[in-house]
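The structure appears below as structure tokens.
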Amino acid sequence: MHHFQSFDVAEAAPPLGGARLNYDTIKNWHFDDRRHTYTEKDTMLYGLGIGLGEDPVDPSQLRYIYEGAGGGELWAFPTMSVVLGYPGFWMRDPRAGIDWVRLVHGEQRLTLHAALPTQGTVLAKNRITHVIDKGADKGALVVIERTLYDEGGQHLATLAQTSFCRGNGGFGQGDVPPAALPAPPDRAPDRQISLRVSARAALIYRLSADMNPLHADPEVARKAGFERPILHGLCTYGMAARAIVQAWADGDASRLAQLDVRFSAPVYPGETLAFDMWQEGAQIRYTARSVERNVLTLNCGVAKVTTR
């Protein structure tokens with residue numbers, strides 16, 4: 001699989017002195033279509049990275065990490081979409097005028113249209129949909145949309161990743177932001193699930209996705225202001241999908257149709273994530289919290305699951 005650089009952390013490098021985001025340049029940024037080929041082993045590795053297999057005799061977990069589970073065949077866990085067809089760390093290009101050192105991953109949205117192949121090649125098309133000026137000293141938001149297709153042209157998934165460019169507000173022109181994700185209901189949750197984050201989670205997940213040393217090297221993490229390496233935001237996101245699927249879809253991830261969320265705080269491997277979930281009409285709202293630190297890590301979550 002192709003590895004990519006995510007936006008959830010800053011690397012140890014100086015900012016682009018005097019750089020200024022140019023709305024027209026960013027909004028019309030050209031991305032070549034990307035073909036991404038992966039194997040069944042990649043599919044299993046992604047599943048292990050988000051913690052599937054912690055109960056090695058649970059058939060609802062084994063189906064995503066063992067090719068012979070229940071005498072059947074391997075399934076791809078649907079949030080693997082987020083590690084397929086990534087366009088590369090284009091925001092580091094000086095032409096973008098982005099202070100890439102101060103980037104953080106703000107939100108992730110995903111709509112699923114068809115099941116991911118367990119192996120094969122997907123085609124990814126990326127485009128910028130929104131460039132939003134929050135104001136001087138308040139940063140900017142850049143939303144990139146990715147659509148994934150299989151080799152036969154079947155539309156598999158639509159993703160929207162919001163990057164918060166903390167050093168680029170005040171450029172004076174921008175789009176109207178997309179509809180905000182809703183705050184969680186002000187009532188007791190309808191369902192709650194806790195999932196343990198393996199102490200090795202970041203070391204496993206990075207093999208599918210983001211190889212940034214912040215997720216593996218204690219010294220790099222300390223220099224970035226963390227006590228130790230942090231978990232990838234998209235790994236926490238995959239664990240949210242696990243919680244939704246376990247609580248609302250009887251362990252059948254093929255029923256997951258939508259998963260949106262805002263990233264609120266980093267997670268440390270070895271912690272426990274407590275997911276609070278509410279049913280609001282056709283939607284499931286959710287949050288996640290680090291039990292040990294009592295810190296909200298995911299907020300304003302929205303999911304949808306289909307009926308059988």
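Ordering of the structure tokens sets the chain letters (A, B, ...); residue numbers start at 1 within each chain; ligands are numbered from 1 in the order shown.
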Discussion item. Neighbouring residues of Arg228 of chain A were defined as those with any atom within 7 Å, considering only C-alpha atoms; residues of the same chain fewer than 4 positions away were excluded. Please report them as a PyMOL selection string.
Written reply: chain A and resi 218+221-222
Preceding selection exported with C-alpha atoms as a short mmCIF file (atom, residue, chain, number, x, y, z; two decimals), in the first residue's frame:
data_model
loop_
_atom_site.label_atom_id
_atom_site.label_comp_id
_atom_site.auth_asym_id
_atom_site.auth_seq_id
_atom_site.Cartn_x
_atom_site.Cartn_y
_atom_site.Cartn_z
CA PRO A 218 9.28 9.13 21.90
CA ALA A 221 6.72 13.21 20.37
CA ARG A 222 8.29 15.11 23.29
#
Report as JSON lines: every residue of segment 228-290 of chain A with an atom at most 7 Å from segment 89-110 of chain A, its closest pair of atoms, and their distance in Å to one decimal, counting only C-alpha atoms, with rows sorted by chain and ascending residue number.
{"residue": "A:Gln258", "atom": "CA", "partner": "A:Leu110", "partner_atom": "CA", "distance": 5.6}
{"residue": "A:Leu259", "atom": "CA", "partner": "A:Leu110", "partner_atom": "CA", "distance": 5.2}
{"residue": "A:Asp260", "atom": "CA", "partner": "A:Arg109", "partner_atom": "CA", "distance": 4.0}
{"residue": "A:Val261", "atom": "CA", "partner": "A:Gln108", "partner_atom": "CA", "distance": 5.6}
{"residue": "A:Arg262", "atom": "CA", "partner": "A:Glu107", "partner_atom": "CA", "distance": 4.4}
{"residue": "A:Phe263", "atom": "CA", "partner": "A:Gly106", "partner_atom": "CA", "distance": 5.6}
Could those selected residues go to a file with C-alpha atoms, as a PDB file, in the first residue's frame?
ATOM      1  CA  GLN A 258     -21.840   7.225   6.924  1.00  0.00           C
ATOM      2  CA  LEU A 259     -19.261   8.243   9.518  1.00  0.00           C
ATOM      3  CA  ASP A 260     -18.453  11.901  10.231  1.00  0.00           C
ATOM      4  CA  VAL A 261     -16.585  13.382  13.195  1.00  0.00           C
ATOM      5  CA  ARG A 262     -14.589  16.288  14.577  1.00  0.00           C
ATOM      6  CA  PHE A 263     -11.184  15.596  16.148  1.00  0.00           C
TER       7      PHE A 263
END
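Scanning segment 161-243 of chain A with DSSP on the backbone, the helix (DSSP H, G or I) assignments fall on Ala201, Ala202, Leu203, Ile204, Tyr205, Pro213, Leu214, His215, Pro218, Glu219, Val220, Ala221, Arg222, Lys223, Gly233, Leu234, Cys235, Thr236, Tyr237, Gly238, Met239, Ala240, Ala241, Arg242 and Ala243 of chain A.
One finds atom CA of Cys235 of chain A at 10.0 Å from atom CA of Ile204 of chain A.
With only C-alpha atoms as the atoms that count, the minimum distance from Ile244 of chain A to the choices A:His130, A:Arg191, A:His36, A:Lys138 is reached by A:Arg191.
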Worksheet item: Hey, what's within 8 Å of Asp175 of chain A if we count only C-alpha atoms and toss same-chain stuff fewer than 6 positions away? As a count of residues only, please?
Response: 4
Discussion item. What's around Ala247 of chain A at 12 Å? Count only C-alpha atoms, leave out sequence neighbours fewer than 2 positions away in its own chain, and write the answer as a VMD selection string.
Written reply: chain A and resid 190 to 195 240 to 245 249 to 253 255 to 256 275 to 279 284 286 303 305
Hey, can you spit out that residue selection with C-alpha atoms as a PDB file, in the first residue's frame?
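The result, written out as again.pdb:
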ATOM      1  CA  ASP A 190     -28.736   5.560  24.517  1.00  0.00           C
ATOM      2  CA  ARG A 191     -25.804   3.177  24.274  1.00  0.00           C
ATOM      3  CA  GLN A 192     -22.231   3.165  25.530  1.00  0.00           C
ATOM      4  CA  ILE A 193     -19.238   1.054  24.567  1.00  0.00           C
ATOM      5  CA  SER A 194     -15.648   1.143  25.779  1.00  0.00           C
ATOM      6  CA  LEU A 195     -12.769  -0.071  23.617  1.00  0.00           C
ATOM      7  CA  ALA A 240     -15.349   4.822  16.362  1.00  0.00           C
ATOM      8  CA  ALA A 241     -16.597   2.817  13.396  1.00  0.00           C
ATOM      9  CA  ARG A 242     -15.998  -0.364  15.390  1.00  0.00           C
ATOM     10  CA  ALA A 243     -18.063   1.002  18.272  1.00  0.00           C
ATOM     11  CA  ILE A 244     -20.931   2.045  15.985  1.00  0.00           C
ATOM     12  CA  VAL A 245     -20.918  -1.304  14.188  1.00  0.00           C
ATOM     13  CA  ALA A 249     -25.175  -3.116  13.366  1.00  0.00           C
ATOM     14  CA  ASP A 250     -24.649  -6.442  15.171  1.00  0.00           C
ATOM     15  CA  GLY A 251     -20.980  -6.429  14.191  1.00  0.00           C
ATOM     16  CA  ASP A 252     -21.760  -6.216  10.455  1.00  0.00           C
ATOM     17  CA  ALA A 253     -19.677  -3.311   9.127  1.00  0.00           C
ATOM     18  CA  ARG A 255     -24.226  -1.833   7.172  1.00  0.00           C
ATOM     19  CA  LEU A 256     -22.174   1.302   7.911  1.00  0.00           C
ATOM     20  CA  PHE A 275     -18.050   5.996  23.224  1.00  0.00           C
ATOM     21  CA  ASP A 276     -21.384   7.633  24.036  1.00  0.00           C
ATOM     22  CA  MET A 277     -24.040   7.134  21.351  1.00  0.00           C
ATOM     23  CA  TRP A 278     -27.499   8.557  20.766  1.00  0.00           C
ATOM     24  CA  GLN A 279     -30.162   7.692  18.197  1.00  0.00           C
ATOM     25  CA  ILE A 284     -26.551   7.994  15.317  1.00  0.00           C
ATOM     26  CA  TYR A 286     -21.567   9.923  19.060  1.00  0.00           C
ATOM     27  CA  ALA A 303     -23.145   7.939  11.699  1.00  0.00           C
ATOM     28  CA  VAL A 305     -26.287   2.326   9.457  1.00  0.00           C
TER      29      VAL A 305
END
Worksheet item: Got a sec: who's within 6 Å of segment 117-124 of chain A, counting only C-alpha atoms, leaving out chain neighbours fewer than 6 positions off, as a PyMOL selection string?
Response: chain A and resi 33-40+75-76+85+147-150
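Counting only C-alpha atoms and comparing A:Ile144, A:Phe226, A:Gly172, A:Leu112, the residue that lies closest to Gly88 of chain A is A:Ile144.
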Item to complete: Just the residues within 10 Å of Tyr66 of chain A, please, counting only C-alpha atoms, with nothing from its chain fewer than 3 positions along; format it as a PyMOL selection string.
Response: chain A and resi 40-41+43-44+47+53+56+59+61-63+69-70+72-75
Discussion item. Which residues are close to Arg206 of chain A, i.e. within 12 Å by only C-alpha atoms, leaving aside same-chain residues fewer than 3 positions away? Reply as a PyMOL selection string.
Written reply: chain A and resi 1-6+42+45-46+48-50+83+200-203+209-217+229-235
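If you measure from each of A:Asn22, A:Ser254, A:Leu116, A:Arg293 to Glu151 of chain A using only C-alpha atoms, the closest one turns out to be A:Leu116.
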Practice prompt. Give the strand (DSSP E) residues of segment 21-225 of chain A, as DSSP finds them on the backbone, and put them as a PyMOL selection string.
Written response: chain A and resi 34-38+103-112+120-133+140-150+155-165+191-196
